[in-house]
file work34.txt (compact mmCIF, C-alpha atoms and all ligand atoms)
# COMPACT_ATOMS: atom_id res chain seq x y z
CA MET A 1 0.61 -18.07 13.93
CA GLU A 2 2.98 -20.30 15.87
CA SER A 3 5.98 -18.87 17.71
CA LEU A 4 9.62 -19.11 16.66
CA GLN A 5 12.51 -19.96 18.94
CA ILE A 6 15.83 -18.18 18.29
CA GLY A 7 18.41 -19.20 20.87
CA LYS A 8 16.72 -18.66 24.21
CA LEU A 9 14.31 -16.10 22.75
CA LYS A 10 10.77 -17.23 22.02
CA LEU A 11 9.13 -14.90 19.50
CA LYS A 12 5.35 -14.54 19.52
CA ASN A 13 5.16 -15.07 15.77
CA ARG A 14 7.32 -15.38 12.65
CA LEU A 15 6.96 -11.87 11.24
CA PHE A 16 10.04 -9.64 11.37
CA LEU A 17 10.29 -5.94 10.66
CA ALA A 18 13.44 -5.44 8.55
CA PRO A 19 16.06 -3.08 9.95
CA MET A 20 15.91 0.08 7.84
CA VAL A 21 18.05 3.19 8.22
CA ASP A 22 15.90 6.31 8.55
CA VAL A 23 12.76 4.21 9.03
CA THR A 24 12.94 1.77 11.93
CA ASP A 25 13.64 4.20 14.74
CA LEU A 26 12.00 3.61 18.12
CA PRO A 27 8.62 5.24 17.25
CA TYR A 28 8.32 3.33 14.00
CA ARG A 29 9.20 0.05 15.66
CA ILE A 30 6.50 0.64 18.27
CA LEU A 31 3.87 1.17 15.54
CA CYS A 32 4.89 -2.05 13.80
CA ARG A 33 4.94 -4.02 17.05
CA ARG A 34 1.46 -2.80 17.90
CA ALA A 35 0.38 -3.90 14.43
CA GLY A 36 1.76 -7.39 15.11
CA ALA A 37 5.46 -7.58 14.16
CA GLY A 38 7.01 -10.32 16.31
CA MET A 39 10.60 -9.14 16.07
CA VAL A 40 12.19 -5.78 15.24
CA TYR A 41 15.70 -4.33 15.00
CA THR A 42 17.30 -0.95 15.30
CA GLU A 43 18.53 0.80 12.19
CA MET A 44 22.01 -0.42 11.23
CA VAL A 45 24.73 1.32 13.23
CA TYR A 46 28.43 1.29 12.50
CA VAL A 47 30.36 -0.33 15.32
CA ASN A 48 32.98 2.40 15.13
CA ALA A 49 30.30 5.07 15.67
CA ILE A 50 29.03 3.14 18.71
CA LEU A 51 32.52 3.14 20.20
CA HIS A 52 32.59 6.94 19.84
CA GLU A 53 29.19 7.15 21.56
CA ASN A 54 28.17 10.13 19.45
CA GLU A 55 24.71 11.57 20.03
CA ARG A 56 23.19 10.59 16.70
CA THR A 57 24.27 6.98 17.14
CA LEU A 58 22.97 6.82 20.70
CA ASN A 59 19.63 8.18 19.45
CA MET A 60 19.54 5.36 16.90
CA MET A 61 20.08 2.92 19.78
CA LYS A 62 17.27 4.32 21.92
CA THR A 63 14.78 1.73 23.15
CA CYS A 64 12.10 1.37 25.87
CA LYS A 65 10.08 -1.24 27.75
CA GLU A 66 7.45 -1.61 25.03
CA ASP A 67 10.22 -2.09 22.45
CA SER A 68 10.88 -5.72 23.31
CA PRO A 69 12.23 -8.09 22.11
CA ILE A 70 14.70 -5.91 20.29
CA GLY A 71 17.76 -6.59 18.16
CA LEU A 72 20.67 -4.19 17.76
CA GLN A 73 21.94 -4.27 14.20
CA ILE A 74 25.59 -3.44 13.68
CA THR A 75 28.16 -3.56 10.95
CA GLY A 76 31.86 -2.77 10.68
CA ASP A 77 35.06 -3.79 9.00
CA SER A 78 37.55 -4.06 11.83
CA VAL A 79 37.71 -7.18 14.00
CA GLU A 80 39.48 -5.11 16.69
CA GLU A 81 36.52 -2.72 16.85
CA PHE A 82 34.13 -5.61 17.42
CA GLU A 83 36.44 -6.82 20.21
CA LYS A 84 36.30 -3.38 21.82
CA PHE A 85 32.52 -3.23 21.40
CA VAL A 86 32.06 -6.55 23.21
CA LYS A 87 33.94 -5.20 26.22
CA LEU A 88 31.55 -2.21 26.56
CA LYS A 89 28.59 -4.01 28.10
CA LYS A 90 26.65 -0.81 28.85
CA LEU A 91 26.32 -0.27 25.09
CA TRP A 92 24.66 -3.56 24.25
CA ASN A 93 23.27 -4.98 27.46
CA LYS A 94 19.75 -3.61 26.96
CA PHE A 95 19.30 -5.51 23.67
CA ASP A 96 18.01 -9.08 23.47
CA LEU A 97 19.94 -9.89 20.35
CA ILE A 98 22.81 -8.60 18.23
CA ASP A 99 22.47 -8.85 14.46
CA LEU A 100 25.49 -8.49 12.21
CA ASN A 101 24.70 -6.70 8.95
CA CYS A 102 26.40 -8.36 5.98
CA GLY A 103 23.90 -7.04 3.48
CA CYS A 104 24.13 -3.27 3.19
CA PRO A 105 24.95 -2.39 -0.46
CA SER A 106 25.55 1.34 0.11
CA MET A 107 28.90 2.54 -1.26
CA ARG A 108 29.43 4.49 1.95
CA ILE A 109 29.48 1.18 3.84
CA THR A 110 30.96 -1.25 1.28
CA GLY A 111 33.65 1.34 0.49
CA ASN A 112 34.76 0.73 4.09
CA LYS A 113 34.65 -3.04 3.52
CA ALA A 114 31.60 -3.46 5.79
CA GLY A 115 27.97 -4.44 5.07
CA SER A 116 27.62 -6.71 2.03
CA TYR A 117 31.37 -6.40 1.32
CA LEU A 118 31.92 -8.76 4.28
CA LEU A 119 30.34 -11.54 2.20
CA LYS A 120 33.56 -11.71 0.19
CA ASN A 121 35.22 -13.16 3.27
CA PRO A 122 33.07 -15.80 5.05
CA LYS A 123 35.88 -16.61 7.53
CA LYS A 124 35.96 -12.98 8.67
CA ILE A 125 32.19 -13.02 9.23
CA ALA A 126 32.64 -16.21 11.29
CA GLU A 127 35.36 -14.52 13.34
CA ILE A 128 33.09 -11.55 14.07
CA VAL A 129 30.24 -13.89 15.06
CA ARG A 130 32.55 -15.67 17.51
CA ILE A 131 33.55 -12.33 19.00
CA LEU A 132 29.92 -11.19 19.33
CA LYS A 133 28.97 -14.48 21.00
CA LYS A 134 31.23 -13.47 23.89
CA THR A 135 28.49 -11.01 24.94
CA GLY A 136 26.33 -14.00 25.89
CA LYS A 137 23.56 -12.43 23.78
CA ILE A 138 21.74 -14.13 20.94
CA VAL A 139 23.67 -13.46 17.74
CA THR A 140 22.13 -13.47 14.27
CA VAL A 141 23.45 -12.44 10.86
CA LYS A 142 21.65 -10.78 7.95
CA ILE A 143 23.19 -11.69 4.63
CA ARG A 144 22.61 -11.40 0.91
CA LEU A 145 23.35 -14.14 -1.63
CA GLY A 146 26.86 -12.81 -2.03
CA TYR A 147 28.61 -9.53 -2.78
CA ASP A 148 29.09 -9.77 -6.56
CA LYS A 149 28.86 -13.55 -6.93
CA ASN A 150 26.65 -16.05 -5.18
CA ASN A 151 28.47 -17.79 -2.28
CA VAL A 152 25.50 -17.94 0.08
CA LEU A 153 25.84 -21.64 0.97
CA ASP A 154 29.50 -21.16 1.98
CA VAL A 155 28.67 -18.05 3.99
CA ALA A 156 25.72 -19.71 5.71
CA ARG A 157 27.84 -22.75 6.64
CA GLU A 158 30.58 -20.59 8.19
CA ILE A 159 28.05 -18.52 10.11
CA GLU A 160 26.35 -21.59 11.55
CA LYS A 161 29.70 -23.20 12.45
CA ALA A 162 30.67 -20.01 14.28
CA GLY A 163 27.65 -20.42 16.55
CA ALA A 164 25.11 -17.90 15.21
CA ASP A 165 21.57 -18.49 16.47
CA ALA A 166 19.74 -17.61 13.24
CA LEU A 167 20.31 -16.27 9.77
CA THR A 168 18.33 -13.86 7.62
CA VAL A 169 18.74 -14.22 3.87
CA HIS A 170 17.91 -11.26 1.66
CA ALA A 171 17.77 -13.06 -1.67
CA ARG A 172 19.79 -10.68 -3.84
CA LEU A 173 23.49 -10.00 -4.38
CA GLY A 174 25.03 -6.93 -2.73
CA VAL A 175 25.63 -5.33 -6.12
CA ASP A 176 21.96 -5.88 -7.05
CA GLY A 177 20.67 -3.24 -4.60
CA SER A 178 16.92 -3.90 -4.58
CA LYS A 179 16.19 -3.39 -8.26
CA ILE A 180 15.89 -6.98 -9.43
CA LYS A 181 13.42 -9.52 -8.09
CA ALA A 182 14.63 -11.46 -5.04
CA ASP A 183 15.48 -15.09 -5.88
CA TRP A 184 13.73 -17.03 -3.14
CA SER A 185 14.97 -20.39 -4.42
CA TRP A 186 18.24 -19.64 -2.58
CA ILE A 187 16.41 -19.05 0.68
CA GLY A 188 15.03 -22.58 0.34
CA LYS A 189 18.51 -23.95 -0.40
CA VAL A 190 19.99 -22.26 2.68
CA LYS A 191 17.12 -23.57 4.81
CA LYS A 192 17.74 -27.13 3.58
CA SER A 193 21.44 -26.95 4.46
CA ALA A 194 21.16 -25.15 7.82
CA LYS A 195 20.11 -26.33 11.27
CA ILE A 196 19.55 -22.85 12.73
CA PRO A 197 16.36 -20.91 11.91
CA VAL A 198 16.41 -19.17 8.52
CA ILE A 199 14.40 -16.01 7.96
CA GLY A 200 13.60 -15.10 4.37
CA ASN A 201 13.63 -11.54 3.08
CA GLY A 202 12.91 -9.77 -0.19
CA ASP A 203 9.72 -8.65 -1.93
CA VAL A 204 7.12 -9.64 0.66
CA PHE A 205 4.18 -7.27 0.26
CA SER A 206 1.10 -9.34 1.11
CA GLY A 207 -0.35 -12.29 2.98
CA THR A 208 0.08 -14.57 -0.02
CA ASP A 209 3.77 -13.59 -0.33
CA ALA A 210 4.30 -14.33 3.38
CA GLU A 211 2.49 -17.65 3.10
CA LYS A 212 4.74 -18.70 0.21
CA MET A 213 7.88 -17.61 2.05
CA LEU A 214 6.90 -19.54 5.18
CA LYS A 215 6.68 -22.71 3.12
CA ILE A 216 10.40 -22.54 2.39
CA CYS A 217 11.86 -21.15 5.64
CA ASP A 218 11.13 -20.31 9.29
CA GLY A 219 10.32 -16.60 9.31
CA VAL A 220 9.47 -13.68 7.06
CA MET A 221 11.18 -10.31 7.18
CA ILE A 222 9.34 -7.33 5.71
CA GLY A 223 11.06 -4.11 4.67
CA ARG A 224 9.62 -1.76 2.05
CA GLY A 225 6.14 -3.23 2.43
CA ALA A 226 6.04 -1.82 5.97
CA ILE A 227 7.19 1.72 5.11
CA GLY A 228 4.15 3.95 5.59
CA ASP A 229 2.06 0.85 6.21
CA PRO A 230 2.63 -0.73 9.65
CA MET A 231 -0.74 -2.49 9.32
CA ILE A 232 0.80 -4.85 6.78
CA PHE A 233 1.66 -7.01 9.81
CA THR A 234 -1.97 -7.15 10.96
CA ARG A 235 -3.19 -7.99 7.48
CA ILE A 236 -0.60 -10.72 7.02
CA LEU A 237 -1.38 -12.22 10.44
CA GLU A 238 -5.09 -12.17 9.66
CA TYR A 239 -4.50 -13.65 6.26
CA LEU A 240 -2.28 -16.39 7.62
CA ASP A 241 -4.65 -17.16 10.46
CA GLY A 242 -7.29 -17.69 7.83
CA ALA A 243 -9.37 -14.70 8.95
CA ARG A 244 -12.21 -14.07 6.56
CA ARG A 245 -11.52 -10.37 6.45
CA ARG A 246 -10.36 -9.24 3.08
CA CYS A 247 -6.55 -8.90 2.74
CA PHE A 248 -5.84 -5.57 1.06
CA PRO A 249 -2.67 -5.07 -0.89
CA ALA A 250 -0.24 -2.67 0.79
CA THR A 251 -1.59 0.88 0.65
CA ASN A 252 1.73 2.18 -0.59
CA LEU A 253 1.69 0.08 -3.74
CA PRO A 254 -0.16 0.78 -6.99
CA ARG A 255 -3.44 -1.11 -6.91
CA PRO A 256 -6.20 -1.83 -9.41
CA PRO A 257 -9.45 0.14 -9.09
CA ALA A 258 -11.83 -1.15 -6.42
CA PRO A 259 -14.31 -3.62 -7.96
CA ASP A 260 -17.32 -2.45 -5.96
CA SER A 261 -18.43 0.40 -3.74
CA ARG A 262 -18.30 -1.64 -0.51
CA LEU A 263 -14.63 -2.32 -1.10
CA ALA A 264 -14.07 1.36 -1.88
CA GLU A 265 -15.60 2.21 1.52
CA ASP A 266 -13.39 -0.38 3.26
CA GLU A 267 -10.33 1.00 1.53
CA LYS A 268 -11.22 4.55 2.54
CA ARG A 269 -11.51 3.40 6.13
CA SER A 270 -8.18 1.61 5.96
CA ILE A 271 -6.45 4.68 4.48
CA LYS A 272 -7.89 6.83 7.27
CA GLU A 273 -6.80 4.33 9.93
CA ASN A 274 -3.33 4.36 8.40
CA LEU A 275 -3.12 8.16 8.49
CA LYS A 276 -4.12 8.04 12.16
CA LEU A 277 -1.05 5.86 12.64
CA PHE A 278 1.07 8.60 11.08
CA LEU A 279 -0.32 10.97 13.71
CA GLU A 280 0.56 8.44 16.39
CA TYR A 281 4.03 8.20 14.89
CA LEU A 282 4.45 11.98 15.16
CA LYS A 283 3.41 11.88 18.82
CA LEU A 284 5.95 9.14 19.52
CA GLU A 285 8.68 11.06 17.67
CA GLU A 286 7.97 14.06 19.88
CA LYS A 287 7.94 11.92 23.00
CA PHE A 288 11.24 10.13 22.33
CA TYR A 289 13.27 12.70 20.39
CA GLY A 290 11.78 16.07 21.38
CA LYS A 291 13.86 18.84 19.88
CA ASP A 292 16.15 16.29 18.18
CA VAL A 293 13.39 15.12 15.88
CA ASP A 294 14.72 14.62 12.35
CA MET A 295 12.53 16.56 9.90
CA GLY A 296 13.97 14.88 6.79
CA LYS A 297 13.13 11.46 8.18
CA ILE A 298 9.63 12.49 9.24
CA LYS A 299 8.84 13.87 5.80
CA TYR A 300 10.19 10.73 4.12
CA ILE A 301 8.08 8.50 6.35
CA GLY A 302 5.10 10.85 5.95
CA THR A 303 5.15 10.70 2.16
CA ASN A 304 4.93 6.93 2.44
CA PHE A 305 1.77 7.18 4.54
CA PHE A 306 0.08 9.59 2.14
CA LYS A 307 -0.38 7.10 -0.69
CA GLY A 308 -3.15 5.17 -2.37
CA PHE A 309 -5.88 7.83 -2.66
CA SER A 310 -6.75 10.42 -5.26
CA GLY A 311 -4.84 13.67 -4.70
CA ALA A 312 -2.11 11.78 -2.80
CA SER A 313 0.68 13.20 -4.92
CA GLU A 314 -0.37 16.85 -4.25
CA THR A 315 -0.71 15.97 -0.56
CA ARG A 316 2.83 14.63 -0.49
CA ASN A 317 4.16 17.76 -2.22
CA ARG A 318 2.39 19.89 0.36
CA LEU A 319 3.88 17.81 3.18
CA MET A 320 7.38 18.20 1.74
CA SER A 321 6.96 21.99 1.66
CA LEU A 322 6.19 22.28 5.39
CA LYS A 323 8.87 23.84 7.52
CA SER A 324 8.30 22.77 11.12
CA PHE A 325 7.28 19.72 13.10
CA ASP A 326 4.18 21.54 14.42
CA GLU A 327 3.10 22.38 10.87
CA ILE A 328 3.38 18.71 9.88
CA LYS A 329 1.39 17.67 12.93
CA GLU A 330 -1.35 20.19 12.23
CA PHE A 331 -1.44 19.18 8.57
CA ALA A 332 -1.85 15.49 9.45
CA GLU A 333 -4.51 16.26 12.08
CA ASN A 334 -6.53 18.33 9.61
CA PHE A 335 -6.16 15.71 6.96
CA VAL A 336 -7.49 12.91 9.17
C1 LIG B 1 15.10 2.75 3.42
C2 LIG B 1 15.80 1.44 3.64
C3 LIG B 1 16.77 1.33 4.61
C4 LIG B 1 17.40 0.11 4.84
N1 LIG B 1 18.30 0.00 5.86
C5 LIG B 1 18.76 -1.24 6.21
C6 LIG B 1 19.50 -1.43 7.42
O1 LIG B 1 19.73 -0.49 8.20
N2 LIG B 1 19.93 -2.68 7.69
C7 LIG B 1 19.67 -3.75 6.89
O2 LIG B 1 20.06 -4.89 7.19
N3 LIG B 1 18.98 -3.60 5.75
C8 LIG B 1 18.49 -2.38 5.42
N4 LIG B 1 17.68 -2.24 4.33
C9 LIG B 1 17.31 -3.46 3.58
C10 LIG B 1 16.04 -4.10 4.19
O3 LIG B 1 16.27 -4.50 5.52
C11 LIG B 1 15.60 -5.32 3.37
O4 LIG B 1 16.61 -6.28 3.43
C12 LIG B 1 15.34 -4.97 1.91
O5 LIG B 1 14.57 -3.79 1.80
C13 LIG B 1 14.61 -6.13 1.22
O6 LIG B 1 13.38 -6.38 1.84
P1 LIG B 1 12.00 -5.86 1.18
O7 LIG B 1 11.96 -6.40 -0.22
O8 LIG B 1 10.93 -6.43 2.08
O9 LIG B 1 12.05 -4.37 1.19
C14 LIG B 1 17.07 -1.02 4.05
C15 LIG B 1 16.10 -0.91 3.06
C16 LIG B 1 15.46 0.30 2.86
C17 LIG B 1 14.39 0.38 1.79

call {"tool": "encode", "arguments": {"input": "work34.txt", "output": "structure tokens"}}
result
Amino acid sequence: MESLQIGKLKLKNRLFLAPMVDVTDLPYRILCRRAGAGMVYTEMVYVNAILHENERTLNMMKTCKEDSPIGLQITGDSVEEFEKFVKLKKLWNKFDLIDLNCGCPSMRITGNKAGSYLLKNPKKIAEIVRILKKTGKIVTVKIRLGYDKNNVLDVAREIEKAGADALTVHARLGVDGSKIKADWSWIGKVKKSAKIPVIGNGDVFSGTDAEKMLKICDGVMIGRGAIGDPMIFTRILEYLDGARRRCFPATNLPRPPAPDSRLAEDEKRSIKENLKLFLEYLKLEEKFYGKDVDMGKIKYIGTNFFKGFSGASETRNRLMSLKSFDEIKEFAENFV
């Protein structure tokens, strides 16, 4: 797949791992990169929390040499806080790119007038972009179609005028959460009206989805399809490169019964390979977070790996009942 240029950053391909709280920590990003993701971001962090430099936030901003190129995703409601953030170079200097989140629908965030709430005020988004550009870093913005009504073309225009280097469009309103189907027609409309690269997001779960998305915009961002299934990137790349290998649907989605025994064997192998990745994930969690490892997060991620085989539901229940990190590791090792 050809590369994509965003500002001065040349990405090796056009596949993006979506920023996801409680999913895209450093270990998970590494797995997805190894599987082929061309660009990844931290989980969203609140700019105010960054200014306080609390431990949890700094953990969310952990990165390493292999984790490159990397975007820091931030949100916030106060222009003054963004101004303060820009002055604290040590907090953002290690990132290649800063992405402003204008898409989070969570009440905890929109209640503070951040995340998708910002879409109500395109001029304020533009002001924040101008402030972030003072870092000299590449600045991108992740938006939805609007907060409670569609104003995506206005928002996109303001963001581009303010000097953003690229735009990601998650094709739903803020108030839609992720329950309804993403309306990709708006991604195409934004792409037609914008000069900066436009990355499409929403409901990409397979090579064919990615292929369709790439016909209307410049890049594809994958969220839920990559939870418990980092290999989705490899499959999509192979599919797009026209590899003859069969493109399986994501292992974490319901799938029809295998049509023949050879496919069943292939699927078994792919499930086993995927579970080995969960083991690798656990090793990376231990390496980067040690005693700070978050058990709730590990179990959530784990249950997404243990999908797509008979007895998966019992296996997930068992996983949820385990008490310690070592027990989870042993369980996964035995299972593989
Ligand atoms: C568990 C979870 C956490 C998320 N956290 C973030 C986040 O931190 N920042 C963000 O911009 N979007 C976040 N999102 C939204 C995704 O980035 C993405 O826009 C959304 O899931 C739609 O893409 P998909 O259909 O490929 O999942 C999150 C989504 C999920 C499922």

call {"tool": "residues_near_ligand", "arguments": {"input": "work34.txt", "ligand": "ligand LIG 1 (chain B)", "cutoff": "6 Å", "atoms": "all atoms listed in the file", "output": "list in words"}}
result
Ala18, Pro19, Met20, Val21, Glu43, Met44, Asn101, Gly103, Cys104, His170, Asn201, Gly202, Asp203, Val204, Ile222, Gly223, Arg224 and Gly225 of chain A

call {"tool": "atom_distance", "arguments": {"input": "work34.txt", "atom1": "atom CA of Ile6 of chain A", "atom2": "atom CA of Gly177 of chain A"}}
result
27.8 Å

call {"tool": "atom_distance", "arguments": {"input": "work34.txt", "atom1": "atom CA of Lys10 of chain A", "atom2": "atom CA of Gly207 of chain A"}}
result
22.6 Å

call {"tool": "atom_distance", "arguments": {"input": "work34.txt", "atom1": "atom CA of Asn54 of chain A", "atom2": "atom CA of Tyr28 of chain A"}}
result
21.7 Å

call {"tool": "closest_residue", "arguments": {"input": "work34.txt", "among": "A:Lys137, A:Phe85, A:Arg33, A:Arg108", "to": "Gly71 of chain A", "atoms": "all atoms listed in the file"}}
result
A:Lys137
